[in-house]
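See below for the structure under consideration.
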Amino acid sequence: MNYPRFHQQMRWFGPTDLVSLSDIAQAGAQGVVTALHGIPIGSIWTTEAITTRKLLINELGLDWTVVESLPVHEEIKMRTGQFELYIQNYCESLRNLAVCGLEVVTYNFMPVFDWVRTDIAHPLPNQSEALLYDHRKYELADLFLLERPEAKAEMDPAQLEKLQQQFDRMSAVEKQELFQCVFQALPGSSEALVKDQVLAAIAQYQDIDAQQLRNNLIAFLEAVVPVAEEVGIQLAIHPDDPPFSVFGLPRILSTAADVEYILAAVPYKANGLCFCTGSFGAHPENDLLRMLKEWGSRIHFFHLRNTKRDGPDRFWEASLLEGDTDMYEIVKEAVYLMQKEQRSIPMRPDHGHKMLDDLGKAVYPGYGAIGRLKSLAELRGLEYAVLASTVK
Ligand code: DNO
């Protein structure tokens, strides 16, 4: 069938990743999305460093066209300190990436934290493990482990008392595990943060509300999007995960209205979106299919995974075909989009369950080989079936 298809990707965390390029090639991906994780945030990615990494990937027959992520320095998000230098460096990295043939650059604008979960090993009935977010546990971490001063002040006293009792019933090991999971476990964060660093990083945002953060994002986009347009790079901003504020920090890309605001404010194709069904899908009011139809032409990257909400305050990462999002409808719409615009869009299965041989391994949470291989296989099958049944 000669129609644009997903450009099938897997995320790879570089040479130290326990999941090798060979594993990824065997899973059937065409390429990897990755980053130069060793370069400090804010520094320039040189063409030499990019080329060296690209050659390593190409040796395995895989391509590298999508960066995930080119991180945005906190000073850019706050517009303090050396933000102008960091923006210049960002533009320089975009130019260098374009010279080396990279096409899409993923980033996020979430203050301090990238993604947050409260359990990285939630047991499923079939004995595999999933990532889970439980708002009660998040509150315990915020109130009694991080001891963020505003958290207590803002909490209803009766609720605070209940949570205190719950916290007192936890063992020392459970408390330590919760701290590690919330603050130190997830890949993507720049470093394993300790309590005082987290509090200090959060405190820096005390005068920055959502509107201010939005303004700062738009100022950043006004500087980098023209460069991206000029060199042929598509920027793809990642939504908030979870799609609401955490630790009193502003979050500005959780809902359809947020997407609309950001894409309309800087109306160029290069100002695009990473359509993450897991992040948007955890918000009960997001109509993913509608968002996909509305903003399709600005979507430059798909993260496909499913979540299941089992109450207003808790969601876990479900099997790809079984959560709250109808993945068949999403893939069908993505296939139409690619046909309509005659372009292939990169897609990767997002976090997978930890299962089989990965259960004993120290793979990055959500990023074991086997769970993602399963999701990729399901997505390939789904795409093939949609094409076979709709395209004559
Ligand atoms: C988590 C990922 C995020 C994502 C960044 C993009 O699994 O989706 O870490 O890569 O937010 O900048």
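By convention in this document, the chains of the structure tokens carry letters A, B, ... by their order, each chain's residues are numbered from 1, and ligands are numbered from 1 in the order they are shown.
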
| field | Given 7 Å and only C-alpha atoms and all ligand atoms, residues near ligand 1 as a ChimeraX atom specification | value | /A:68-69,71,106-108,114-115,187-188,237-238,350-351

| task | Name all residues at most 10 Å from region 19-29 of chain A (count only C-alpha atoms; drop same-chain ones fewer than 6 positions away) and give them as a ChimeraX atom specification. | result | /A:7-13,56-63,347-348,358,363-364,367-370,372-374,376-377,380

| query | Please, which residues of region 102-282 of chain A, numbered as in this document, come out strand (DSSP E or B) from DSSP, as an NGL selection string? | reply | :A and (104-107 or 115 or 119-123 or 129-134 or 187 or 189 or 234-237 or 241 or 271-276)

| field | Shell around Ala201 (chain A) at 12 Å using only C-alpha atoms, local window under 6 positions removed, as number ranges by chain | value | A: 74-75, 78, 111-113, 148, 193-195, 247-249
